[in-house]
Structures are given as structure tokens and as C-alpha cells.
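Step one of this worksheet: look at the structure below.
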Amino acid sequence: MITLKDIQDAKQRIQSVVYETPILQSEQLSNLCGNQLFFKAEHLQKTGSFKIRGASNMVIHAVENGAQHVTTASSGNHGQAVSYVANKYGVPSTIVVPENASQCKINAILGYNGQVEKCGTTSGERLPRAQQIADEQNGIYIPPYDDPLIMAGQGTVGLEILQQLHDIDAIIVPIGGGGLISGILTAVKETNPAIQIIGVEPELANDTYLSLQNKKITAIPATNTIADGLRTNQPGDLTFPVLTKYLDDLVLVSEDEIRMALSLVLERTKQLIEPSSATTVAAALYNKLNMQGKNIVTLISGGNVDLENVQGLIVDTAKANTVNM
């Protein structure tokens, strides 16, 4: 397992690449959920998501060790991050994305001079293809989540939250493959174990929830949840043990709850966030946490949304007053 020192080392390695993102607040959303709600704004991060942290940690390490080409598999945000860092360090990159990848994310990858190859719709299809390309081109494969350097890079979010806020009761984190939450768990629990870390998955992408219930890694079929960054079909071999050791709870949110949370954040804070990010806000707004009067940090993981799809994600927020929040 990764350690707190691994995350501290990552922070030093990536500090010239990533931003320290701000903590935002909304009095109206805090009132709706009955807690003091904070937003760790990784949607304002370079390349539009937290993924730049893990990607830069591993790509820089690879380049320092002579890498001439890098590849990865990604639904979009990790691919953008890898192509950005690779381009910054003068190394070509190939990004394997799903057939239904968001066009705005593909455009960003191309904008960072990355090559794009489409493959299937599940991580189980695109991960082996990315590894194959790396083998064929004598390159380095940059996993999207299941690697110590990736996990440690993502964990720097946790270090920042601890530095920016005091008196935190809980941090709410979205779960895809588990790289982000395993890093945050390590950073926070090895610094202040009293802080609760609660994971969130869409009901339609509940592979980690099922894995924890079954006490073993459990795969699910391909999913079409609107939270496209959370469409992994099973947790990672390296990330899952960290969750079983440290995670306090995992809750599920529906597609309608995700849409409402995204719409409320856009309306009340003027911030456009991804559906994957909105899962954490939905968990707080719909009282999935069973908390009242607490200081809660929701991890806003990214903000890369196709503008042509925004209208389809927004719902009537007047209904917020009629739902059980």
C-alpha cells in the first residue's frame, strides 16, 4: 500500500505542474442539506480535473527514467492529463478512449497533441489495448488509477484539504476505479483518522459497493450512467485494499439525484461541474450521509462537460423544495 510519505513526495514532484485549487462555499446549499458544505474545486484544476495530479506524478517519474512514449486508457479526464503532461515534457502520447467518450474530452486530448484511439465501452476493453500499444512502441503505460504513483498523486488533494480547512467532520469522494479515494484515504487517515471519508457511486455503477459487500473485487457489466468518469466496471487490485482498510462508508445516488445536484450547483454557485462531481453533492443534499450540523467537504472532481449536452443534464430546481433533502 502507498504511504503518507509517498503522497508527500508526490506533492514535491508535481508542484510545478498542478494548481492548489480553492475551497468554495454556498450558504444556500448548506442550508438545504443542514450541514456546512465546502467544495474542493478540482474542476478548476489544470486540464479541468484532479487527474492531472496522478498523471503528472507518474509521467514525470517516467520521463526522468528515460521514457520516450506514454500511453493510457481513459474515459477522458485522465487522458487529457496524461497528454498535457507528456506534451509539456516533449514526449508523444497515445490515449485509448471508449467509443462513447465525451467529445470535449477528446478535443482536449488532441489539443495537447495526444493521439486518440477508440476502443469498446468498458475499462476492461480499453485497458489491455493501451498496454498493448505501450508494448508495441516500447512505451510506458500510465494506468488511470491502479498504480502507486497515480494513487499518491491523487492523494495530494487530501493534503491540500487538510492545509486549507480545520475542523473537518467528513470528506465525500466519488469512486470510479478508486485511485482518488485511496490516495485521499491514505493522506487523511494517516494524518487525522477522526475525519470520516465517505465514498459515493452512482446506483448504475456500483462495482465498489458490491465489492465491499462481497468482500472481494466484483465486476459489473458496462453502464451508461451520466457520471461518465465513474463508469469503471470494477475497483483496482491496488486501490481496493486501501478502501477495505480505511473507508468509513459508501453510499449510492440515483441519476435523478445527480442531475438535481448538478443543476443546483450551476444555479446557486454559477459553477459548471461534471455529473461525476455532482455525485458527492447529491450525497450531501439527499441526506445519504446521515449527518446534520457538520462540516462536510465534497470533492468536486472535474468540470469537463460537453456544452451540447448541458441542457440534457439540467432539471427544474424548483423541485428541490419537494424532494427529501
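By convention in this document, the chains of the C-alpha cells carry letters A, B, ... by their order, each chain's residues are numbered from 1, and ligands are numbered from 1 in the order they are shown.
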
Enumerate, in order of chain and increasing residue number, the residues of range 91-184 of chain A with an atom no farther than 12 Å from range 39-49 of chain A, each with its shortest atom pair and distance in Å to one decimal, counting only C-alpha atoms, as CSV.
residue,atom,partner,partner_atom,distance
A:Cys104,CA,A:Gly48,CA,11.1
A:Lys105,CA,A:Thr47,CA,9.5
A:Asn107,CA,A:Thr47,CA,11.7
A:Ala108,CA,A:Thr47,CA,8.1
A:Ile109,CA,A:Thr47,CA,9.5
A:Gly111,CA,A:Thr47,CA,10.8
A:Tyr112,CA,A:Thr47,CA,9.8
A:Gln154,CA,A:Ser49,CA,10.6
A:Thr156,CA,A:Glu42,CA,11.6
A:Val157,CA,A:Lys40,CA,8.5
A:Gly158,CA,A:Lys40,CA,9.8
A:Leu159,CA,A:Lys40,CA,11.8
A:Glu160,CA,A:Lys40,CA,9.2
A:Ile161,CA,A:Lys40,CA,7.4
A:Leu162,CA,A:Lys40,CA,11.1
A:Gln164,CA,A:Lys40,CA,9.7
A:Leu165,CA,A:Lys40,CA,10.3
A:Ala170,CA,A:Phe39,CA,12.0
A:Ile171,CA,A:Lys40,CA,9.5
A:Ile172,CA,A:Phe39,CA,9.7
A:Val173,CA,A:Lys40,CA,10.1
A:Leu180,CA,A:Ser49,CA,11.2

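The shell of residues at most 7 Å from Val251 in chain A, with only C-alpha atoms counted and near chain neighbours (fewer than 3 positions) removed, consists of A:Gly199, A:Val200, A:Glu201, A:Lys288.
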
What does the file look like for those residues with all heavy atoms, as a short mmCIF file (atom, residue, chain, number, x, y, z; two decimals), in the first residue's frame?
data_model
loop_
_atom_site.label_atom_id
_atom_site.label_comp_id
_atom_site.auth_asym_id
_atom_site.auth_seq_id
_atom_site.Cartn_x
_atom_site.Cartn_y
_atom_site.Cartn_z
N GLY A 199 -17.31 7.41 0.50
CA GLY A 199 -17.31 7.30 -0.94
C GLY A 199 -18.71 7.36 -1.51
O GLY A 199 -19.69 7.05 -0.82
N VAL A 200 -18.81 7.76 -2.79
CA VAL A 200 -20.10 7.83 -3.47
C VAL A 200 -19.96 7.20 -4.86
O VAL A 200 -19.00 7.47 -5.58
CB VAL A 200 -20.58 9.29 -3.64
CG1 VAL A 200 -21.98 9.31 -4.26
CG2 VAL A 200 -20.56 10.04 -2.33
N GLU A 201 -20.93 6.36 -5.20
CA GLU A 201 -21.04 5.81 -6.54
C GLU A 201 -22.45 6.04 -7.07
O GLU A 201 -23.41 6.12 -6.29
CB GLU A 201 -20.79 4.30 -6.54
CG GLU A 201 -19.34 3.89 -6.41
CD GLU A 201 -19.18 2.38 -6.56
OE1 GLU A 201 -19.90 1.61 -5.89
OE2 GLU A 201 -18.31 1.97 -7.35
N LYS A 288 -27.81 11.25 2.34
CA LYS A 288 -27.28 9.89 2.32
C LYS A 288 -26.25 9.70 3.43
O LYS A 288 -25.89 8.57 3.76
CB LYS A 288 -26.60 9.63 0.97
CG LYS A 288 -27.44 9.92 -0.26
CD LYS A 288 -28.46 8.85 -0.51
CE LYS A 288 -29.23 9.13 -1.80
NZ LYS A 288 -30.09 8.02 -2.21
#

Once you count only C-alpha atoms, what closest atom pair and distance in Å to one decimal does each residue of range 15-98 of chain A within 12 Å of range 232-248 of chain A have, with rows by chain and rising residue number, as a tab-separated table?
residue	atom	partner	partner_atom	distance
A:Ala73	CA	A:Thr232	CA	11.2
A:Ser74	CA	A:Thr232	CA	9.7
A:Ser75	CA	A:Thr232	CA	8.9
A:Pro98	CA	A:Thr232	CA	11.1

Would you pick out the contacts of range 304-317 of chain A at 7 Å or less, using only C-alpha atoms, so that residues sharing its chain but fewer than 4 positions from it are not included, and give the list as a PyMOL selection string? chain A and resi 48+102-105+259-260+263-264+274

As a list of chain:residue names, please: all residues of range 276-309 of chain A that backbone DSSP puts in alpha helix (DSSP H). A:Ser276, A:Ser277, A:Ala278, A:Thr279, A:Thr280, A:Val281, A:Ala282, A:Ala283, A:Ala284, A:Leu285

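Shortest atom-to-atom contact with Thr21 in chain A among A:Glu203, A:Leu4, A:Phe50, A:His78: A:Phe50, counting only C-alpha atoms.
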
For CA of Val70 in chain A and CA of Tyr84 in chain A, determine how far apart the two atoms are, in Å to one decimal place. 11.4 Å

Just the strand (DSSP E) stuff from range 6-244 of chain A, please, per backbone DSSP, written as a PyMOL selection string. chain A and resi 23-25+36-41+70-73+93-97+115-118+140-141+170-174+196-202

Skip Glu257 in chain A itself and residues of its chain fewer than 2 positions away, then list as a VMD selection string all residues within 9 Å of it, counting only C-alpha atoms. chain A and resid 253 to 255 259 to 262 278 to 279 282 to 283 285 to 286

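Remark: for Glu190 in chain A, the closest of the candidate residues A:Gly155, A:Thr208, A:Asn224, A:Gln28 is A:Gly155 (distances computed over only C-alpha atoms).
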
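Closest to Ile60 in chain A among A:Gly90, A:Gly293, A:Pro193, A:Gly302 is A:Gly90, based on only C-alpha atoms.
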
Tell me which protein, DNA and RNA residues are within 6 Å of Val91 in chain A, counting only C-alpha atoms, leaving out same-chain ones fewer than 4 positions away, and put them as a VMD selection string. chain A and resid 68 to 69 86 to 87
